[in-house]
Amino acid sequence: MRWWRCSRPPRRGTGRQRAIGDELWAHEYALNYAIATYPKPYVAWMDGIVMGGGVGVSAHGAHRLVTERTSLAMPETIIGFFPDVGGLWFLANAPGQLGLHMALTGLPVNAGDAVLLGIADRIVPSDSKDEIKASLTRALNDDADGNRRWDLDALPSVDVTPSLAEHQDWIDECYRGDDAAAIIEALKAHENPSAQETGALLATRSPHSIAITLEAFRRAESMTVRQVLDQDKVLGAAFIRHPDFLEGVRAQVIDKDRNPTWAAASVAEVSRADVLAAFG
């Protein structure tokens with residue numbers, strides 16, 4: 001893989017940890033792009049919990065299958081990070097502002113939502129894996145180009161109602177614009193209780209993450225997958241150097257007290273200069 005050249009990490013201290021993170025994400029994002037452009041059959045079987053990096057090795061595939069048991073999320077703002085692995089490309093191309101809602105809240109969605117958002121192609125029964133493998137094998141045996149000709153519509157299916165669909169009106173209304181503080185206030189002030197709950201929830205996420213994720217999302221609206229992954233690499237290097245990432249991991253993964261102390265008290269305290277600095 002020659003997309004990104006990774007430098008050897010330094011030998012000690014925090015600098016070493018940061019360099020290891022830079023190298024890890026460089027390889028991960030290169031893998032995501034390789035999956036997105038892979039010429040052979042790449043079938044993603046997204047059964048059960050699919051989060052973060054799991055989305056990266058699934059959503060970029062040629063054939064993306066979810067089941068009635070799928071729970072999918074990009075929960076990075078919870079730990080002071082941002083939705084990476086090229087996920088913002090899918091979310092920025094989702095209907096209305098549904099993708100931004102998912103990116104900022106980090107909340108899980110169901111299989112119906114995954115298809116609605118463009119992260120999956122078809123919902124299949126969780127017990128149909130063997131049947132699906134046999135179907136793909138027949139397609140490849142019948143045609144050298146079976147990867148592109150495989151008929152997903154012929155696969156068994158199951159209905160899962162998207163949980164986000166009934167909320168799209170207030171989501172589209174409140175998430176308009178480029179001001180994270182204004183979005184949170186619009187949610188809190190909305191008459192819909194679900195919107196109010198979402199506004200309160202966003203106020204608990206890393207302000208640094210919310211502000212930069214919003215900017216990255218808006219930029220991703222006019223980017224290719226490759227460009228979004230390039231942006232992810234730049235942002236990943238910036239986030240690993242910000243205290244919110246270490247604090248978020250501490251609160252959610254290490255101590256598990258679920259009580260992070262963010263560097264800023266609210267998104268209103270995150271300046272435009274701070275946001276732009278993360279993009280290099």
# chains A, B, ... in the order shown; residues from 1 in each chain; ligands from 1
$ residues_around --residues "segment 234-243 of chain A" --least-positions-apart "5" --cutoff "8 Å" --atoms "only C-alpha atoms" --output "list in words"
Arg18, Gly21, Asp22, Trp25, Gly80, Phe81, Asp84, Trp262, Ala263, Ala278, Phe279 and Gly280 of chain A
$ write_last_selection --atoms "all heavy atoms" --output "compact mmCIF listing (two decimals), in the first residue's frame"
# COMPACT_ATOMS: atom_id res chain seq x y z
N ARG A 18 1.76 9.58 20.21
CA ARG A 18 1.09 10.32 19.14
C ARG A 18 1.50 9.81 17.77
O ARG A 18 0.68 9.69 16.86
CB ARG A 18 1.41 11.82 19.28
CG ARG A 18 0.77 12.46 20.50
CD ARG A 18 1.31 13.85 20.74
NE ARG A 18 0.63 14.50 21.85
CZ ARG A 18 1.02 15.64 22.40
NH1 ARG A 18 2.11 16.25 21.93
NH2 ARG A 18 0.36 16.17 23.41
N GLY A 21 -0.24 6.65 17.00
CA GLY A 21 -1.61 6.94 16.59
C GLY A 21 -1.68 7.42 15.16
O GLY A 21 -2.54 6.98 14.38
N ASP A 22 -0.77 8.32 14.79
CA ASP A 22 -0.73 8.81 13.41
C ASP A 22 -0.54 7.66 12.44
O ASP A 22 -1.19 7.58 11.39
CB ASP A 22 0.40 9.83 13.24
CG ASP A 22 0.15 11.12 14.01
OD1 ASP A 22 -1.01 11.35 14.42
OD2 ASP A 22 1.10 11.90 14.19
N TRP A 25 -3.69 5.27 12.21
CA TRP A 25 -4.80 5.80 11.42
C TRP A 25 -4.44 5.91 9.94
O TRP A 25 -5.29 5.72 9.08
CB TRP A 25 -5.25 7.16 11.98
CG TRP A 25 -6.07 6.98 13.22
CD1 TRP A 25 -7.08 6.07 13.40
CD2 TRP A 25 -5.94 7.67 14.45
NE1 TRP A 25 -7.59 6.17 14.68
CE2 TRP A 25 -6.91 7.14 15.35
CE3 TRP A 25 -5.11 8.69 14.91
CZ2 TRP A 25 -7.08 7.61 16.65
CZ3 TRP A 25 -5.26 9.16 16.20
CH2 TRP A 25 -6.23 8.63 17.05
N GLY A 80 -14.47 12.30 22.66
CA GLY A 80 -13.63 13.44 22.30
C GLY A 80 -12.91 13.26 20.98
O GLY A 80 -11.88 13.90 20.74
N PHE A 81 -13.46 12.42 20.10
CA PHE A 81 -12.88 12.21 18.78
C PHE A 81 -13.89 12.68 17.74
O PHE A 81 -14.76 13.52 18.03
CB PHE A 81 -12.52 10.73 18.61
CG PHE A 81 -11.50 10.44 17.55
CD1 PHE A 81 -10.25 11.05 17.58
CD2 PHE A 81 -11.77 9.54 16.54
CE1 PHE A 81 -9.30 10.78 16.61
CE2 PHE A 81 -10.83 9.25 15.55
CZ PHE A 81 -9.60 9.88 15.59
N ASP A 84 -14.62 9.09 11.95
CA ASP A 84 -13.56 8.98 10.95
C ASP A 84 -13.82 7.80 10.01
O ASP A 84 -14.97 7.54 9.67
CB ASP A 84 -12.20 8.89 11.62
CG ASP A 84 -12.04 7.65 12.50
OD1 ASP A 84 -13.06 7.09 12.95
OD2 ASP A 84 -10.88 7.23 12.75
N TRP A 262 -14.45 18.15 30.01
CA TRP A 262 -13.95 18.62 28.73
C TRP A 262 -13.16 19.92 28.89
O TRP A 262 -13.36 20.67 29.86
CB TRP A 262 -15.10 18.83 27.75
CG TRP A 262 -15.97 17.63 27.52
CD1 TRP A 262 -17.31 17.55 27.71
CD2 TRP A 262 -15.56 16.34 27.02
NE1 TRP A 262 -17.78 16.29 27.38
CE2 TRP A 262 -16.72 15.53 26.95
CE3 TRP A 262 -14.34 15.79 26.65
CZ2 TRP A 262 -16.70 14.21 26.52
CZ3 TRP A 262 -14.31 14.47 26.21
CH2 TRP A 262 -15.47 13.70 26.15
N ALA A 263 -12.30 20.19 27.93
CA ALA A 263 -11.47 21.40 27.98
C ALA A 263 -12.30 22.67 27.90
O ALA A 263 -11.96 23.69 28.51
CB ALA A 263 -10.44 21.37 26.84
N ALA A 278 -7.55 22.66 13.38
CA ALA A 278 -7.55 21.19 13.31
C ALA A 278 -7.41 20.69 11.88
O ALA A 278 -7.02 19.54 11.65
CB ALA A 278 -8.85 20.65 13.92
N PHE A 279 -7.73 21.55 10.89
CA PHE A 279 -7.66 21.15 9.49
C PHE A 279 -6.31 21.47 8.85
O PHE A 279 -6.15 21.29 7.64
CB PHE A 279 -8.80 21.83 8.71
CG PHE A 279 -10.17 21.31 9.10
CD1 PHE A 279 -10.83 21.84 10.21
CD2 PHE A 279 -10.78 20.31 8.38
CE1 PHE A 279 -12.08 21.37 10.58
CE2 PHE A 279 -12.03 19.83 8.74
CZ PHE A 279 -12.69 20.36 9.85
N GLY A 280 -5.37 21.93 9.66
CA GLY A 280 -4.02 22.15 9.16
C GLY A 280 -3.82 23.50 8.51
O GLY A 280 -4.72 24.30 8.37
$ select_by_dssp --residues "segment 27-241 of chain A" --states "helix (DSSP H, G or I)" --output "PyMOL selection string"
chain A and resi 27-36+53-56+76-79+87-92+98-105+111-117+129-142+146-149+152-154+165-174+180-189+193-202+207-220+225-239
$ atom_distance --atom1 "atom CA of Gly248 of chain A" --atom2 "atom CA of Ser209 of chain A"
10.4 Å
$ atom_distance --atom1 "atom CA of Leu201 of chain A" --atom2 "atom CA of Arg218 of chain A"
21.1 Å
$ closest_atom_pairs --of "segment 187-262 of chain A" --to "segment 102-113 of chain A" --cutoff "8 Å" --atoms "only C-alpha atoms" --output "CSV"
residue,atom,partner,partner_atom,distance
A:Thr198,CA,A:Thr105,CA,7.6
A:Leu201,CA,A:Thr105,CA,7.2
A:Leu202,CA,A:Thr105,CA,6.0
A:Arg205,CA,A:Thr105,CA,7.7
A:Ile210,CA,A:Leu104,CA,6.0
A:Thr213,CA,A:Leu104,CA,6.9
A:Leu214,CA,A:Leu104,CA,7.4
$ write_last_selection --atoms "N, CA and C atoms" --output "mmCIF file, in the first residue's frame"
data_model
loop_
_atom_site.group_PDB
_atom_site.id
_atom_site.type_symbol
_atom_site.label_atom_id
_atom_site.label_comp_id
_atom_site.auth_asym_id
_atom_site.auth_seq_id
_atom_site.Cartn_x
_atom_site.Cartn_y
_atom_site.Cartn_z
ATOM 1 N N THR A 198 -32.341 15.641 22.556
ATOM 2 C CA THR A 198 -31.124 15.604 21.741
ATOM 3 C C THR A 198 -30.247 16.818 22.020
ATOM 4 N N LEU A 201 -28.482 16.204 25.157
ATOM 5 C CA LEU A 201 -27.462 15.177 24.954
ATOM 6 C C LEU A 201 -26.208 15.768 24.309
ATOM 7 N N LEU A 202 -26.396 16.569 23.264
ATOM 8 C CA LEU A 202 -25.254 17.165 22.572
ATOM 9 C C LEU A 202 -24.440 18.055 23.500
ATOM 10 N N ARG A 205 -21.631 16.116 25.057
ATOM 11 C CA ARG A 205 -20.535 15.634 24.215
ATOM 12 C C ARG A 205 -19.364 16.613 24.251
ATOM 13 N N ILE A 210 -17.727 18.278 18.794
ATOM 14 C CA ILE A 210 -18.947 18.727 18.126
ATOM 15 C C ILE A 210 -18.635 19.818 17.108
ATOM 16 N N THR A 213 -16.463 18.324 14.180
ATOM 17 C CA THR A 213 -17.239 17.358 13.398
ATOM 18 C C THR A 213 -18.224 18.079 12.486
ATOM 19 N N LEU A 214 -18.865 19.127 12.972
ATOM 20 C CA LEU A 214 -19.792 19.894 12.139
ATOM 21 C C LEU A 214 -19.072 20.494 10.936
#
$ residues_around --residues "Asp257 of chain A" --least-positions-apart "5" --cutoff "12 Å" --atoms "only C-alpha atoms" --output "ChimeraX atom specification"
/A:247-252
$ write_last_selection --atoms "N, CA and C atoms" --output "compact mmCIF listing (two decimals), in the first residue's frame"
# COMPACT_ATOMS: atom_id res chain seq x y z
N GLU A 247 -9.16 12.52 27.71
CA GLU A 247 -10.17 12.55 28.76
C GLU A 247 -11.37 11.69 28.41
N GLY A 248 -11.77 11.73 27.15
CA GLY A 248 -12.91 10.93 26.73
C GLY A 248 -12.63 9.44 26.83
N VAL A 249 -11.45 9.03 26.42
CA VAL A 249 -11.07 7.62 26.53
C VAL A 249 -10.99 7.21 28.00
N ARG A 250 -10.43 8.10 28.83
CA ARG A 250 -10.37 7.80 30.26
C ARG A 250 -11.76 7.55 30.83
N ALA A 251 -12.70 8.48 30.53
CA ALA A 251 -14.03 8.41 31.13
C ALA A 251 -14.86 7.24 30.61
N GLN A 252 -14.69 6.89 29.33
CA GLN A 252 -15.54 5.86 28.73
C GLN A 252 -14.91 4.48 28.73
$ residues_around --residues "segment 62-66 of chain A" --least-positions-apart "6" --cutoff "6 Å" --atoms "only C-alpha atoms" --output "ChimeraX atom specification"
/A:42-47,111,120-123
$ atom_distance --atom1 "atom CA of Glu221 of chain A" --atom2 "atom CA of Asn93 of chain A"
6.5 Å
$ closest_residue --among "A:Lys256, A:His27, A:His101, A:Lys40" --to "Ile184 of chain A" --atoms "only C-alpha atoms"
A:His101
$ closest_residue --among "A:Gly86, A:Pro260, A:Pro95, A:Gly54" --to "Ala216 of chain A" --atoms "only C-alpha atoms"
A:Gly86
$ select_by_dssp --residues "segment 10-226 of chain A" --states "strand (DSSP E or B)" --output "PyMOL selection string"
chain A and resi 43-46+49-51+63-66+71-73+109+122-123
$ write_last_selection --atoms "C-alpha atoms" --output "short mmCIF file (atom, residue, chain, number, x, y, z; two decimals), in the first residue's frame"
data_model
loop_
_atom_site.label_atom_id
_atom_site.label_comp_id
_atom_site.auth_asym_id
_atom_site.auth_seq_id
_atom_site.Cartn_x
_atom_site.Cartn_y
_atom_site.Cartn_z
CA VAL A 43 -19.31 -8.53 1.15
CA ALA A 44 -19.84 -6.83 4.49
CA TRP A 45 -21.96 -8.85 6.91
CA MET A 46 -23.05 -6.30 9.55
CA ILE A 49 -23.10 -4.23 16.95
CA VAL A 50 -21.18 -2.31 14.25
CA MET A 51 -19.42 0.80 15.49
CA HIS A 63 -22.16 -5.40 -1.04
CA ARG A 64 -23.25 -4.24 2.42
CA LEU A 65 -25.71 -6.42 4.29
CA VAL A 66 -27.35 -5.72 7.64
CA SER A 71 -27.08 -1.74 15.79
CA LEU A 72 -24.78 0.70 14.00
CA ALA A 73 -23.11 3.83 15.34
CA VAL A 109 -29.33 3.31 14.56
CA ARG A 122 -30.10 -4.61 2.05
CA ILE A 123 -31.57 -6.04 5.24
#
$ residues_around --residues "Gln227 of chain A" --least-positions-apart "5" --cutoff "12 Å" --atoms "only C-alpha atoms" --output "PyMOL selection string"
chain A and resi 29-30+33+85-89+216+219-222+232-234
$ write_last_selection --atoms "N, CA and C atoms" --output "PDB file, in the first residue's frame"
ATOM      1  N   TYR A  29      -6.952   4.179   7.382  1.00  0.00           N
ATOM      2  CA  TYR A  29      -7.663   4.912   6.338  1.00  0.00           C
ATOM      3  C   TYR A  29      -7.255   4.436   4.943  1.00  0.00           C
ATOM      4  N   ALA A  30      -5.997   4.023   4.801  1.00  0.00           N
ATOM      5  CA  ALA A  30      -5.571   3.434   3.533  1.00  0.00           C
ATOM      6  C   ALA A  30      -6.333   2.130   3.271  1.00  0.00           C
ATOM      7  N   TYR A  33      -9.835   2.908   2.059  1.00  0.00           N
ATOM      8  CA  TYR A  33      -9.864   3.289   0.642  1.00  0.00           C
ATOM      9  C   TYR A  33      -9.660   2.069  -0.247  1.00  0.00           C
ATOM     10  N   VAL A  85     -12.798   7.115   9.568  1.00  0.00           N
ATOM     11  CA  VAL A  85     -12.831   5.969   8.652  1.00  0.00           C
ATOM     12  C   VAL A  85     -13.672   6.246   7.395  1.00  0.00           C
ATOM     13  N   GLY A  86     -13.737   7.517   6.986  1.00  0.00           N
ATOM     14  CA  GLY A  86     -14.517   7.874   5.801  1.00  0.00           C
ATOM     15  C   GLY A  86     -16.008   7.889   6.052  1.00  0.00           C
ATOM     16  N   GLY A  87     -16.419   7.704   7.306  1.00  0.00           N
ATOM     17  CA  GLY A  87     -17.841   7.654   7.617  1.00  0.00           C
ATOM     18  C   GLY A  87     -18.586   8.932   7.289  1.00  0.00           C
ATOM     19  N   LEU A  88     -17.894  10.059   7.373  1.00  0.00           N
ATOM     20  CA  LEU A  88     -18.568  11.328   7.084  1.00  0.00           C
ATOM     21  C   LEU A  88     -18.974  11.433   5.618  1.00  0.00           C
ATOM     22  N   TRP A  89     -18.333  10.674   4.735  1.00  0.00           N
ATOM     23  CA  TRP A  89     -18.760  10.719   3.328  1.00  0.00           C
ATOM     24  C   TRP A  89     -20.168  10.155   3.192  1.00  0.00           C
ATOM     25  N   ALA A 216     -16.228  19.451   9.599  1.00  0.00           N
ATOM     26  CA  ALA A 216     -15.778  18.352   8.742  1.00  0.00           C
ATOM     27  C   ALA A 216     -16.936  17.790   7.930  1.00  0.00           C
ATOM     28  N   ARG A 219     -17.775  20.143   5.028  1.00  0.00           N
ATOM     29  CA  ARG A 219     -16.763  20.010   3.976  1.00  0.00           C
ATOM     30  C   ARG A 219     -16.946  18.703   3.208  1.00  0.00           C
ATOM     31  N   ALA A 220     -17.303  17.650   3.924  1.00  0.00           N
ATOM     32  CA  ALA A 220     -17.478  16.344   3.293  1.00  0.00           C
ATOM     33  C   ALA A 220     -18.630  16.331   2.292  1.00  0.00           C
ATOM     34  N   GLU A 221     -19.564  17.262   2.410  1.00  0.00           N
ATOM     35  CA  GLU A 221     -20.703  17.317   1.495  1.00  0.00           C
ATOM     36  C   GLU A 221     -20.275  17.519   0.042  1.00  0.00           C
ATOM     37  N   SER A 222     -19.096  18.074  -0.164  1.00  0.00           N
ATOM     38  CA  SER A 222     -18.610  18.306  -1.532  1.00  0.00           C
ATOM     39  C   SER A 222     -17.323  17.537  -1.824  1.00  0.00           C
ATOM     40  N   ASP A 232      -9.672  12.962   7.169  1.00  0.00           N
ATOM     41  CA  ASP A 232      -9.642  12.192   8.410  1.00  0.00           C
ATOM     42  C   ASP A 232      -8.222  12.068   8.950  1.00  0.00           C
ATOM     43  N   LYS A 233      -7.277  11.862   8.049  1.00  0.00           N
ATOM     44  CA  LYS A 233      -5.890  11.705   8.487  1.00  0.00           C
ATOM     45  C   LYS A 233      -5.377  12.980   9.146  1.00  0.00           C
ATOM     46  N   VAL A 234      -5.714  14.115   8.571  1.00  0.00           N
ATOM     47  CA  VAL A 234      -5.304  15.400   9.150  1.00  0.00           C
ATOM     48  C   VAL A 234      -5.980  15.614  10.507  1.00  0.00           C
TER      49      VAL A 234
END
$ closest_residue --among "A:Pro125, A:Ser266, A:Val225, A:Ser163" --to "Thr204 of chain A" --atoms "only C-alpha atoms"
A:Ser266
